[in-house]
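Shown next: query07.pdb, given as PDB, C-alpha atoms.
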```pdb
ATOM      1  CA  MET A   1     -12.650  12.281  13.516  1.00  0.00           C
ATOM      2  CA  GLU A   2     -10.809   9.674  11.443  1.00  0.00           C
ATOM      3  CA  ARG A   3     -12.215   9.074   7.964  1.00  0.00           C
ATOM      4  CA  ILE A   4     -11.912   5.818   6.031  1.00  0.00           C
ATOM      5  CA  ALA A   5     -11.625   5.630   2.234  1.00  0.00           C
ATOM      6  CA  ILE A   6     -11.511   2.938  -0.413  1.00  0.00           C
ATOM      7  CA  VAL A   7      -9.619   3.899  -3.576  1.00  0.00           C
ATOM      8  CA  THR A   8      -9.856   1.434  -6.465  1.00  0.00           C
ATOM      9  CA  GLY A   9      -7.010   1.208  -8.966  1.00  0.00           C
ATOM     10  CA  GLY A  10      -4.717   2.897  -6.478  1.00  0.00           C
ATOM     11  CA  THR A  11      -1.253   1.755  -7.538  1.00  0.00           C
ATOM     12  CA  ARG A  12      -0.555   4.184 -10.367  1.00  0.00           C
ATOM     13  CA  GLY A  13      -1.514   7.434 -12.053  1.00  0.00           C
ATOM     14  CA  ILE A  14      -4.523   9.287 -10.717  1.00  0.00           C
ATOM     15  CA  GLY A  15      -5.440   6.598  -8.201  1.00  0.00           C
ATOM     16  CA  LYS A  16      -1.985   6.600  -6.629  1.00  0.00           C
ATOM     17  CA  ALA A  17      -1.971  10.396  -6.429  1.00  0.00           C
ATOM     18  CA  ILE A  18      -5.339  10.321  -4.665  1.00  0.00           C
ATOM     19  CA  VAL A  19      -4.047   7.773  -2.144  1.00  0.00           C
ATOM     20  CA  TYR A  20      -1.106  10.026  -1.274  1.00  0.00           C
ATOM     21  CA  GLU A  21      -3.258  13.165  -1.127  1.00  0.00           C
ATOM     22  CA  PHE A  22      -5.757  11.487   1.194  1.00  0.00           C
ATOM     23  CA  CYS A  23      -2.973  10.258   3.467  1.00  0.00           C
ATOM     24  CA  LYS A  24      -1.689  13.841   3.743  1.00  0.00           C
ATOM     25  CA  LYS A  25      -5.170  14.751   4.993  1.00  0.00           C
ATOM     26  CA  ASN A  26      -5.023  11.970   7.604  1.00  0.00           C
ATOM     27  CA  ILE A  27      -7.614   9.876   5.800  1.00  0.00           C
ATOM     28  CA  LYS A  28      -6.999   6.147   6.250  1.00  0.00           C
ATOM     29  CA  VAL A  29      -7.018   4.445   2.851  1.00  0.00           C
ATOM     30  CA  VAL A  30      -7.692   0.921   1.675  1.00  0.00           C
ATOM     31  CA  LEU A  31      -5.826   0.812  -1.622  1.00  0.00           C
ATOM     32  CA  ASN A  32      -7.402  -1.637  -4.029  1.00  0.00           C
ATOM     33  CA  TYR A  33      -5.464  -3.069  -6.958  1.00  0.00           C
ATOM     34  CA  LYS A  34      -5.797  -5.938  -9.412  1.00  0.00           C
ATOM     35  CA  ASN A  35      -2.330  -6.960 -10.618  1.00  0.00           C
ATOM     36  CA  SER A  36       0.414  -4.673  -9.306  1.00  0.00           C
ATOM     37  CA  ASP A  37       1.524  -6.569  -6.189  1.00  0.00           C
ATOM     38  CA  LYS A  38       5.030  -5.098  -6.168  1.00  0.00           C
ATOM     39  CA  ILE A  39       3.889  -1.486  -6.452  1.00  0.00           C
ATOM     40  CA  ALA A  40       1.124  -1.988  -3.881  1.00  0.00           C
ATOM     41  CA  ASN A  41       3.582  -3.372  -1.357  1.00  0.00           C
ATOM     42  CA  GLU A  42       6.040  -0.546  -2.029  1.00  0.00           C
ATOM     43  CA  ILE A  43       3.286   2.005  -1.316  1.00  0.00           C
ATOM     44  CA  LYS A  44       2.310   0.113   1.841  1.00  0.00           C
ATOM     45  CA  ASN A  45       5.933   0.082   3.032  1.00  0.00           C
ATOM     46  CA  GLU A  46       6.227   3.818   2.419  1.00  0.00           C
ATOM     47  CA  LEU A  47       2.911   4.954   3.907  1.00  0.00           C
ATOM     48  CA  LYS A  48       2.842   2.274   6.638  1.00  0.00           C
ATOM     49  CA  ASP A  49      -0.226   2.447   8.894  1.00  0.00           C
ATOM     50  CA  LYS A  50      -1.845   5.185   6.788  1.00  0.00           C
ATOM     51  CA  VAL A  51      -2.811   2.637   4.154  1.00  0.00           C
ATOM     52  CA  GLU A  52      -3.948  -0.960   3.819  1.00  0.00           C
ATOM     53  CA  ILE A  53      -3.778  -2.812   0.511  1.00  0.00           C
ATOM     54  CA  PHE A  54      -6.254  -5.309  -0.899  1.00  0.00           C
ATOM     55  CA  LYS A  55      -6.074  -7.192  -4.184  1.00  0.00           C
ATOM     56  CA  ALA A  56      -9.421  -7.560  -5.953  1.00  0.00           C
ATOM     57  CA  ASP A  57     -10.907  -7.415  -9.435  1.00  0.00           C
ATOM     58  CA  VAL A  58     -13.704  -4.900  -8.903  1.00  0.00           C
ATOM     59  CA  SER A  59     -15.458  -6.003 -12.093  1.00  0.00           C
ATOM     60  CA  LYS A  60     -16.502  -9.102 -10.106  1.00  0.00           C
ATOM     61  CA  ARG A  61     -19.108  -8.668  -7.384  1.00  0.00           C
ATOM     62  CA  ASP A  62     -17.780 -11.425  -5.119  1.00  0.00           C
ATOM     63  CA  GLU A  63     -14.355  -9.767  -5.047  1.00  0.00           C
ATOM     64  CA  VAL A  64     -15.929  -6.370  -4.311  1.00  0.00           C
ATOM     65  CA  LYS A  65     -17.737  -7.953  -1.357  1.00  0.00           C
ATOM     66  CA  LYS A  66     -14.395  -9.214  -0.061  1.00  0.00           C
ATOM     67  CA  LEU A  67     -12.871  -5.729  -0.452  1.00  0.00           C
ATOM     68  CA  VAL A  68     -15.727  -4.121   1.479  1.00  0.00           C
ATOM     69  CA  ASN A  69     -15.639  -6.789   4.207  1.00  0.00           C
ATOM     70  CA  PHE A  70     -11.874  -6.366   4.566  1.00  0.00           C
ATOM     71  CA  THR A  71     -12.331  -2.621   5.027  1.00  0.00           C
ATOM     72  CA  LEU A  72     -15.050  -3.104   7.629  1.00  0.00           C
ATOM     73  CA  GLU A  73     -12.957  -5.650   9.529  1.00  0.00           C
ATOM     74  CA  LYS A  74     -10.003  -3.256   9.584  1.00  0.00           C
ATOM     75  CA  PHE A  75     -11.771   0.035  10.271  1.00  0.00           C
ATOM     76  CA  GLY A  76     -15.425  -0.652  11.073  1.00  0.00           C
ATOM     77  CA  THR A  77     -16.865   1.768   8.511  1.00  0.00           C
ATOM     78  CA  ILE A  78     -16.480   3.381   5.073  1.00  0.00           C
ATOM     79  CA  ASP A  79     -16.794   7.149   4.681  1.00  0.00           C
ATOM     80  CA  ILE A  80     -15.340   7.713   1.209  1.00  0.00           C
ATOM     81  CA  LEU A  81     -15.335   5.656  -1.979  1.00  0.00           C
ATOM     82  CA  VAL A  82     -13.230   6.608  -4.995  1.00  0.00           C
ATOM     83  CA  ASN A  83     -13.942   4.614  -8.152  1.00  0.00           C
ATOM     84  CA  ASN A  84     -10.779   5.036 -10.179  1.00  0.00           C
ATOM     85  CA  ALA A  85     -10.081   1.558 -11.590  1.00  0.00           C
ATOM     86  CA  GLY A  86     -10.352   1.536 -15.356  1.00  0.00           C
ATOM     87  CA  ILE A  87      -8.870   0.640 -18.714  1.00  0.00           C
ATOM     88  CA  SER A  88      -8.657   2.269 -22.133  1.00  0.00           C
ATOM     89  CA  GLN A  89      -8.303   0.973 -25.678  1.00  0.00           C
ATOM     90  CA  GLU A  90      -7.954   2.602 -29.072  1.00  0.00           C
ATOM     91  CA  LYS A  91      -9.793   0.717 -31.783  1.00  0.00           C
ATOM     92  CA  MET A  92     -12.088   1.525 -34.680  1.00  0.00           C
ATOM     93  CA  PHE A  93     -15.722   1.067 -33.671  1.00  0.00           C
ATOM     94  CA  ILE A  94     -16.441  -1.276 -36.562  1.00  0.00           C
ATOM     95  CA  ASP A  95     -13.600  -3.545 -35.417  1.00  0.00           C
ATOM     96  CA  LEU A  96     -14.736  -3.830 -31.788  1.00  0.00           C
ATOM     97  CA  THR A  97     -15.484  -7.377 -30.669  1.00  0.00           C
ATOM     98  CA  ASP A  98     -17.991  -8.473 -28.059  1.00  0.00           C
ATOM     99  CA  GLU A  99     -15.019  -9.182 -25.804  1.00  0.00           C
ATOM    100  CA  ASP A 100     -13.633  -5.643 -26.279  1.00  0.00           C
ATOM    101  CA  TRP A 101     -17.017  -4.098 -25.461  1.00  0.00           C
ATOM    102  CA  ASN A 102     -17.802  -6.303 -22.472  1.00  0.00           C
ATOM    103  CA  ASN A 103     -14.330  -5.950 -20.984  1.00  0.00           C
ATOM    104  CA  MET A 104     -14.526  -2.149 -21.231  1.00  0.00           C
ATOM    105  CA  ILE A 105     -18.032  -1.853 -19.784  1.00  0.00           C
ATOM    106  CA  ASN A 106     -17.408  -4.394 -17.019  1.00  0.00           C
ATOM    107  CA  THR A 107     -14.109  -2.853 -15.941  1.00  0.00           C
ATOM    108  CA  ASN A 108     -15.048   0.817 -16.193  1.00  0.00           C
ATOM    109  CA  LEU A 109     -18.793   0.921 -15.474  1.00  0.00           C
ATOM    110  CA  THR A 110     -20.081  -2.306 -13.945  1.00  0.00           C
ATOM    111  CA  SER A 111     -17.320  -2.122 -11.335  1.00  0.00           C
ATOM    112  CA  VAL A 112     -18.700   1.252 -10.235  1.00  0.00           C
ATOM    113  CA  PHE A 113     -22.181  -0.268  -9.906  1.00  0.00           C
ATOM    114  CA  TYR A 114     -20.772  -3.078  -7.746  1.00  0.00           C
ATOM    115  CA  THR A 115     -18.605  -0.967  -5.455  1.00  0.00           C
ATOM    116  CA  ILE A 116     -21.287   1.636  -4.823  1.00  0.00           C
ATOM    117  CA  GLN A 117     -24.037  -0.925  -4.263  1.00  0.00           C
ATOM    118  CA  GLU A 118     -21.894  -2.800  -1.732  1.00  0.00           C
ATOM    119  CA  THR A 119     -20.805   0.298   0.209  1.00  0.00           C
ATOM    120  CA  LEU A 120     -23.999   2.352   0.055  1.00  0.00           C
ATOM    121  CA  PRO A 121     -25.839   0.546   2.889  1.00  0.00           C
ATOM    122  CA  ILE A 122     -23.021   1.525   5.256  1.00  0.00           C
ATOM    123  CA  MET A 123     -23.196   5.163   4.216  1.00  0.00           C
ATOM    124  CA  ILE A 124     -26.991   5.217   4.411  1.00  0.00           C
ATOM    125  CA  HIS A 125     -26.789   3.779   7.933  1.00  0.00           C
ATOM    126  CA  ASN A 126     -24.254   6.467   8.871  1.00  0.00           C
ATOM    127  CA  LYS A 127     -26.320   9.204   7.174  1.00  0.00           C
ATOM    128  CA  ASN A 128     -23.055  10.391   5.668  1.00  0.00           C
ATOM    129  CA  GLY A 129     -20.796   9.545   2.747  1.00  0.00           C
ATOM    130  CA  CYS A 130     -18.766  10.809  -0.189  1.00  0.00           C
ATOM    131  CA  ILE A 131     -18.475   8.938  -3.480  1.00  0.00           C
ATOM    132  CA  ILE A 132     -16.137  10.159  -6.211  1.00  0.00           C
ATOM    133  CA  ASN A 133     -16.200   8.525  -9.642  1.00  0.00           C
ATOM    134  CA  ILE A 134     -13.299   9.128 -12.008  1.00  0.00           C
ATOM    135  CA  SER A 135     -14.758   9.402 -15.502  1.00  0.00           C
ATOM    136  CA  SER A 136     -13.115  11.218 -18.435  1.00  0.00           C
ATOM    137  CA  ILE A 137     -13.410  14.238 -20.656  1.00  0.00           C
ATOM    138  CA  TYR A 138     -14.377  11.703 -23.345  1.00  0.00           C
ATOM    139  CA  GLY A 139     -17.507  10.956 -21.344  1.00  0.00           C
ATOM    140  CA  LEU A 140     -18.464  14.565 -22.111  1.00  0.00           C
ATOM    141  CA  THR A 141     -17.151  14.984 -25.648  1.00  0.00           C
ATOM    142  CA  GLY A 142     -16.707  11.458 -26.994  1.00  0.00           C
ATOM    143  CA  GLY A 143     -13.466  10.195 -28.436  1.00  0.00           C
ATOM    144  CA  SER A 144     -12.863   8.933 -31.958  1.00  0.00           C
ATOM    145  CA  CYS A 145     -11.566   5.337 -31.960  1.00  0.00           C
ATOM    146  CA  GLU A 146     -12.446   5.137 -28.263  1.00  0.00           C
ATOM    147  CA  VAL A 147     -16.212   4.831 -28.552  1.00  0.00           C
ATOM    148  CA  HIS A 148     -16.572   1.994 -26.025  1.00  0.00           C
ATOM    149  CA  TYR A 149     -14.343   3.871 -23.583  1.00  0.00           C
ATOM    150  CA  SER A 150     -16.393   7.047 -24.099  1.00  0.00           C
ATOM    151  CA  ALA A 151     -19.618   5.117 -23.554  1.00  0.00           C
ATOM    152  CA  SER A 152     -18.351   3.607 -20.307  1.00  0.00           C
ATOM    153  CA  LYS A 153     -17.330   7.006 -18.952  1.00  0.00           C
ATOM    154  CA  ALA A 154     -20.567   8.706 -20.030  1.00  0.00           C
ATOM    155  CA  GLY A 155     -22.360   5.900 -18.206  1.00  0.00           C
ATOM    156  CA  ILE A 156     -20.459   6.758 -15.035  1.00  0.00           C
ATOM    157  CA  ASP A 157     -21.573  10.377 -15.314  1.00  0.00           C
ATOM    158  CA  GLY A 158     -25.202   9.346 -15.818  1.00  0.00           C
ATOM    159  CA  LEU A 159     -25.028   7.019 -12.826  1.00  0.00           C
ATOM    160  CA  THR A 160     -23.524   9.837 -10.756  1.00  0.00           C
ATOM    161  CA  LYS A 161     -26.296  12.304 -11.574  1.00  0.00           C
ATOM    162  CA  GLY A 162     -29.168   9.891 -11.029  1.00  0.00           C
ATOM    163  CA  LEU A 163     -27.829   8.429  -7.799  1.00  0.00           C
ATOM    164  CA  ALA A 164     -27.021  11.856  -6.356  1.00  0.00           C
ATOM    165  CA  LYS A 165     -30.737  12.663  -6.450  1.00  0.00           C
ATOM    166  CA  GLU A 166     -31.597   9.327  -4.850  1.00  0.00           C
ATOM    167  CA  VAL A 167     -29.142   9.366  -1.940  1.00  0.00           C
ATOM    168  CA  GLY A 168     -28.909  13.098  -1.260  1.00  0.00           C
ATOM    169  CA  PRO A 169     -31.562  12.891   1.491  1.00  0.00           C
ATOM    170  CA  SER A 170     -29.226  10.463   3.307  1.00  0.00           C
ATOM    171  CA  ASN A 171     -26.483  13.119   3.272  1.00  0.00           C
ATOM    172  CA  ILE A 172     -24.440  11.191   0.723  1.00  0.00           C
ATOM    173  CA  ARG A 173     -22.646  13.239  -1.910  1.00  0.00           C
ATOM    174  CA  ILE A 174     -21.674  11.682  -5.240  1.00  0.00           C
ATOM    175  CA  ASN A 175     -19.727  13.440  -7.978  1.00  0.00           C
ATOM    176  CA  SER A 176     -17.700  12.614 -11.069  1.00  0.00           C
ATOM    177  CA  ILE A 177     -14.285  13.986 -11.945  1.00  0.00           C
ATOM    178  CA  ALA A 178     -13.763  13.997 -15.714  1.00  0.00           C
ATOM    179  CA  PRO A 179     -10.039  14.629 -16.266  1.00  0.00           C
ATOM    180  CA  GLY A 180      -8.704  16.123 -19.460  1.00  0.00           C
ATOM    181  CA  ALA A 181      -5.306  15.169 -20.886  1.00  0.00           C
ATOM    182  CA  ILE A 182      -3.343  13.865 -17.890  1.00  0.00           C
ATOM    183  CA  ASP A 183       0.252  12.628 -18.056  1.00  0.00           C
ATOM    184  CA  THR A 184      -0.209   9.073 -16.752  1.00  0.00           C
ATOM    185  CA  ASP A 185       0.706   5.508 -17.734  1.00  0.00           C
ATOM    186  CA  MET A 186      -2.653   5.247 -19.521  1.00  0.00           C
ATOM    187  CA  ASN A 187      -1.371   7.919 -21.922  1.00  0.00           C
ATOM    188  CA  LYS A 188       2.127   6.490 -22.262  1.00  0.00           C
ATOM    189  CA  ASP A 189       1.695   6.041 -26.017  1.00  0.00           C
ATOM    190  CA  VAL A 190       1.120   9.766 -26.554  1.00  0.00           C
ATOM    191  CA  THR A 191       4.254  11.127 -28.233  1.00  0.00           C
ATOM    192  CA  GLU A 192       6.016  14.278 -27.099  1.00  0.00           C
ATOM    193  CA  GLU A 193       4.978  15.943 -30.355  1.00  0.00           C
ATOM    194  CA  GLU A 194       1.344  15.048 -29.645  1.00  0.00           C
ATOM    195  CA  TRP A 195       1.661  16.385 -26.098  1.00  0.00           C
ATOM    196  CA  LYS A 196       2.968  19.676 -27.460  1.00  0.00           C
ATOM    197  CA  GLN A 197      -0.074  19.926 -29.736  1.00  0.00           C
ATOM    198  CA  ILE A 198      -2.417  19.207 -26.819  1.00  0.00           C
ATOM    199  CA  GLU A 199      -0.651  21.846 -24.712  1.00  0.00           C
ATOM    200  CA  TYR A 200      -0.951  24.338 -27.580  1.00  0.00           C
ATOM    201  CA  GLU A 201      -4.715  23.717 -27.804  1.00  0.00           C
ATOM    202  CA  THR A 202      -5.144  24.012 -24.025  1.00  0.00           C
ATOM    203  CA  PRO A 203      -5.728  27.594 -22.790  1.00  0.00           C
ATOM    204  CA  LEU A 204      -3.435  27.024 -19.782  1.00  0.00           C
ATOM    205  CA  ASN A 205      -0.787  25.698 -22.215  1.00  0.00           C
ATOM    206  CA  LYS A 206       0.132  22.661 -20.143  1.00  0.00           C
ATOM    207  CA  ARG A 207      -0.741  19.019 -19.633  1.00  0.00           C
ATOM    208  CA  GLY A 208      -2.426  17.824 -16.470  1.00  0.00           C
ATOM    209  CA  LYS A 209      -0.753  15.897 -13.676  1.00  0.00           C
ATOM    210  CA  PRO A 210      -2.281  13.179 -11.496  1.00  0.00           C
ATOM    211  CA  GLU A 211      -1.854  15.506  -8.529  1.00  0.00           C
ATOM    212  CA  ASP A 212      -4.234  18.009 -10.160  1.00  0.00           C
ATOM    213  CA  ILE A 213      -6.994  15.411 -10.047  1.00  0.00           C
ATOM    214  CA  ALA A 214      -6.043  14.294  -6.547  1.00  0.00           C
ATOM    215  CA  ARG A 215      -6.458  17.829  -5.215  1.00  0.00           C
ATOM    216  CA  CYS A 216      -9.896  18.023  -6.821  1.00  0.00           C
ATOM    217  CA  ALA A 217     -10.858  14.753  -5.129  1.00  0.00           C
ATOM    218  CA  ALA A 218      -9.601  16.043  -1.775  1.00  0.00           C
ATOM    219  CA  TRP A 219     -11.716  19.169  -2.186  1.00  0.00           C
ATOM    220  CA  LEU A 220     -14.824  17.103  -2.926  1.00  0.00           C
ATOM    221  CA  VAL A 221     -14.242  15.104   0.255  1.00  0.00           C
ATOM    222  CA  ASP A 222     -14.299  18.269   2.363  1.00  0.00           C
ATOM    223  CA  ASP A 223     -17.015  20.150   0.476  1.00  0.00           C
ATOM    224  CA  GLU A 224     -20.508  19.746   1.917  1.00  0.00           C
ATOM    225  CA  PHE A 225     -22.729  21.288  -0.775  1.00  0.00           C
ATOM    226  CA  THR A 226     -21.638  19.736  -4.065  1.00  0.00           C
ATOM    227  CA  THR A 227     -23.352  16.641  -5.422  1.00  0.00           C
ATOM    228  CA  GLY A 228     -24.453  15.260  -8.773  1.00  0.00           C
ATOM    229  CA  GLN A 229     -21.786  17.229 -10.613  1.00  0.00           C
ATOM    230  CA  VAL A 230     -19.326  16.309 -13.351  1.00  0.00           C
ATOM    231  CA  ILE A 231     -16.229  18.388 -12.680  1.00  0.00           C
ATOM    232  CA  SER A 232     -13.656  18.455 -15.471  1.00  0.00           C
ATOM    233  CA  PRO A 233     -10.143  19.660 -14.625  1.00  0.00           C
ATOM    234  CA  ASN A 234      -8.804  19.993 -18.167  1.00  0.00           C
ATOM    235  CA  GLY A 235      -6.853  23.245 -18.378  1.00  0.00           C
ATOM    236  CA  GLY A 236      -9.648  24.812 -20.417  1.00  0.00           C
ATOM    237  CA  LEU A 237      -9.293  22.311 -23.257  1.00  0.00           C
ATOM    238  CA  VAL A 238     -13.079  21.896 -23.129  1.00  0.00           C
ATOM    239  CA  ILE A 239     -15.254  24.645 -21.711  1.00  0.00           C
ATOM    240  CA  THR A 240     -19.005  24.076 -21.566  1.00  0.00           C
TER     241      THR A 240
END
```
Structure translated into structure tokens:
Amino acid sequence: MERIAIVTGGTRGIGKAIVYEFCKKNIKVVLNYKNSDKIANEIKNELKDKVEIFKADVSKRDEVKKLVNFTLEKFGTIDILVNNAGISQEKMFIDLTDEDWNNMINTNLTSVFYTIQETLPIMIHNKNGCIINISSIYGLTGGSCEVHYSASKAGIDGLTKGLAKEVGPSNIRINSIAPGAIDTDMNKDVTEEEWKQIEYETPLNKRGKPEDIARCAAWLVDDEFTTGQVISPNGGLVIT
């Protein structure tokens, strides 16, 4: 049976890796993006009928509605939702502005509220669904000079746990993936010397790749008895 997925922030890093991993599993994907028209079209040209692309700012409810309606018009249902869209910012807490805070919370957390609330009625009707939220190891540990980012990701984990209890009786599974140090564009400012230090502190002595997170997401799609969990692929950097 063909499964249909929405992946937000799907043009780069973890989101892109998840799109490709899902396509390998014959899951049809609606790739959502905000700005990267060129990359989105390149992915569409490569993956062809395995993927559709849709430009939307998921921090705005009206654009989320359009994304969901587009998916339903194309495929008639939604089986999987991956909330990956997000931003980061390094800044001292005392220097954060209202704009910094609101932009972080709206992009990273409110977007998850919107996308889930707009897709959940479909999954409840189907008595089946899988929601995967991409949070961060900083949602578990906190990050100095990234307090607003940490707060947004911890909020995702709290949402995941509470909602899992609420929608479990409808056979809807919802989990968070909290990646550790992953070599993506979001971490492009990390120097090679800093990466070496991170690798030294990581028991597996290596940095993560987007594909590591994508394989975890693919497993959660197929698993039928995991919900309400925060799973952190981090090479052992943090063990709780």
Tell me, counting all atoms listed in the file, for each residue of range 114-182 of chain A within 7 Å of range 69-84 of chain A, which pair of atoms is nearest and how far apart they are in Å to one decimal, in rows ordered by chain and increasing number, as a tab-separated table.
```
residue	atom	partner	partner_atom	distance
A:Ile122	CA	A:Ile78	CA	6.8
A:Met123	CA	A:Asp79	CA	6.7
A:Gly129	CA	A:Asp79	CA	5.0
A:Cys130	CA	A:Ile80	CA	4.8
A:Ile131	CA	A:Leu81	CA	4.8
A:Ile132	CA	A:Val82	CA	4.7
A:Asn133	CA	A:Asn83	CA	4.8
A:Ile134	CA	A:Asn84	CA	5.1
```
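Counting only C-alpha atoms and comparing A:Gly15, A:Gly158, A:Pro179, A:Gly235, the residue that lies closest to Glu199 in chain A is A:Gly235.
Checking A:Ile14, A:Ile231, A:Cys145, A:Val30 one by one against Asp185 in chain A, counting all atoms listed in the file, you find the shortest gap at A:Ile14.
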Quiz item: Which residues match the PyMOL selection byres ((chain A and resi 59) around 12) in the file above, as a VMD selection string?
Solution: chain A and resid 8 to 9 33 to 34 56 to 58 60 to 65 67 83 85 to 87 102 to 115
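With distances taken over all atoms listed in the file, A:Glu166 is the one residue among A:Asp98, A:Glu166, A:Glu46, A:Glu146 lying closest to Leu120 in chain A.
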Quiz prompt | For Leu96 in chain A: contacts at 10 Å, only C-alpha atoms, fewer than 3 positions along chain excluded, given as a PyMOL selection string | solution = chain A and resi 90-93+99-101+145-148
Exercise. Pick out the residues sitting within 8 Å of range 167-177 of chain A, and hand them over as a PyMOL selection string; count all atoms listed in the file, and ignore anything fewer than 4 positions along from it in its own chain.
Key: chain A and resi 123-124+127-136+156-157+160-161+163+213+216-217+220+224+226-233
Quiz prompt | Within 10 Å of Glu201 in chain A using only C-alpha atoms, minus same-chain residues under 5 positions, as an NGL selection string | solution = :A and (195-196 or 206 or 235-238)
Exercise. Using only C-alpha atoms, determine which residues lie at most 12 Å from Asp49 in chain A, disregarding the query and same-chain residues fewer than 5 positions distant; provide the list as a PyMOL selection string.
Key: chain A and resi 23+26-30+43-44+74-75
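Nearest residue to Phe54 in chain A among A:Ser36, A:Ser150, A:Asn126, A:Thr191 is A:Ser36, counting all atoms listed in the file.
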Step by step, gather every atom of range 150-155 of chain A that the file lists, find the box along x, y and z that holds them, add 8 Å on each side, and finally give centre and edge lengths in Å to one decimal, as lines of an AutoDock Vina configuration file.
```
center_x = -19.4
center_y = 6.2
center_z = -21.2
size_x = 22.0
size_y = 21.1
size_z = 21.9
```
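Considering all atoms listed in the file, the residue among A:Ser144, A:Asn45, A:Gly162, A:Val51 positioned nearest to Ile94 in chain A is A:Ser144.
When CA of Gly10 in chain A is paired with CA of Gly155 in chain A, their separation reads 21.4 Å.
Reported to one decimal place, the separation of CA of Glu211 in chain A from CA of Thr184 in chain A is 10.6 Å.
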Quiz item: Counting only C-alpha atoms, which of A:Gly180, A:Ala164, A:Glu2, A:Gln197 gets nearest to Phe225 in chain A?
Solution: A:Ala164
Repaired coordinates for range 129-141 of chain A (N, CA and C atoms) as a tab-separated table (two decimals), in the frame of the given file:
```tsv
chain	number	residue	atom	x	y	z
A	129	GLY	N	-21.69	10.24	3.66
A	129	GLY	CA	-20.80	9.54	2.75
A	129	GLY	C	-20.39	10.42	1.58
A	130	CYS	N	-19.27	10.09	0.98
A	130	CYS	CA	-18.77	10.81	-0.19
A	130	CYS	C	-18.28	9.79	-1.21
A	131	ILE	N	-18.87	9.83	-2.40
A	131	ILE	CA	-18.48	8.94	-3.48
A	131	ILE	C	-17.95	9.79	-4.62
A	132	ILE	N	-16.76	9.43	-5.10
A	132	ILE	CA	-16.14	10.16	-6.21
A	132	ILE	C	-15.85	9.15	-7.32
A	133	ASN	N	-16.43	9.39	-8.49
A	133	ASN	CA	-16.20	8.52	-9.64
A	133	ASN	C	-15.28	9.23	-10.63
A	134	ILE	N	-14.22	8.55	-11.02
A	134	ILE	CA	-13.30	9.13	-12.01
A	134	ILE	C	-13.78	8.72	-13.40
A	135	SER	N	-14.31	9.68	-14.14
A	135	SER	CA	-14.76	9.40	-15.50
A	135	SER	C	-13.70	9.92	-16.48
A	136	SER	N	-14.08	10.73	-17.44
A	136	SER	CA	-13.12	11.22	-18.43
A	136	SER	C	-13.76	12.34	-19.24
A	137	ILE	N	-12.92	13.20	-19.76
A	137	ILE	CA	-13.41	14.24	-20.66
A	137	ILE	C	-14.13	13.62	-21.86
A	138	TYR	N	-13.73	12.38	-22.23
A	138	TYR	CA	-14.38	11.70	-23.34
A	138	TYR	C	-15.80	11.27	-23.00
A	139	GLY	N	-16.13	11.19	-21.72
A	139	GLY	CA	-17.51	10.96	-21.34
A	139	GLY	C	-18.38	12.15	-21.67
A	140	LEU	N	-17.76	13.33	-21.77
A	140	LEU	CA	-18.46	14.56	-22.11
A	140	LEU	C	-18.45	14.83	-23.62
A	141	THR	N	-17.32	14.60	-24.24
A	141	THR	CA	-17.15	14.98	-25.65
A	141	THR	C	-17.18	13.81	-26.61
```
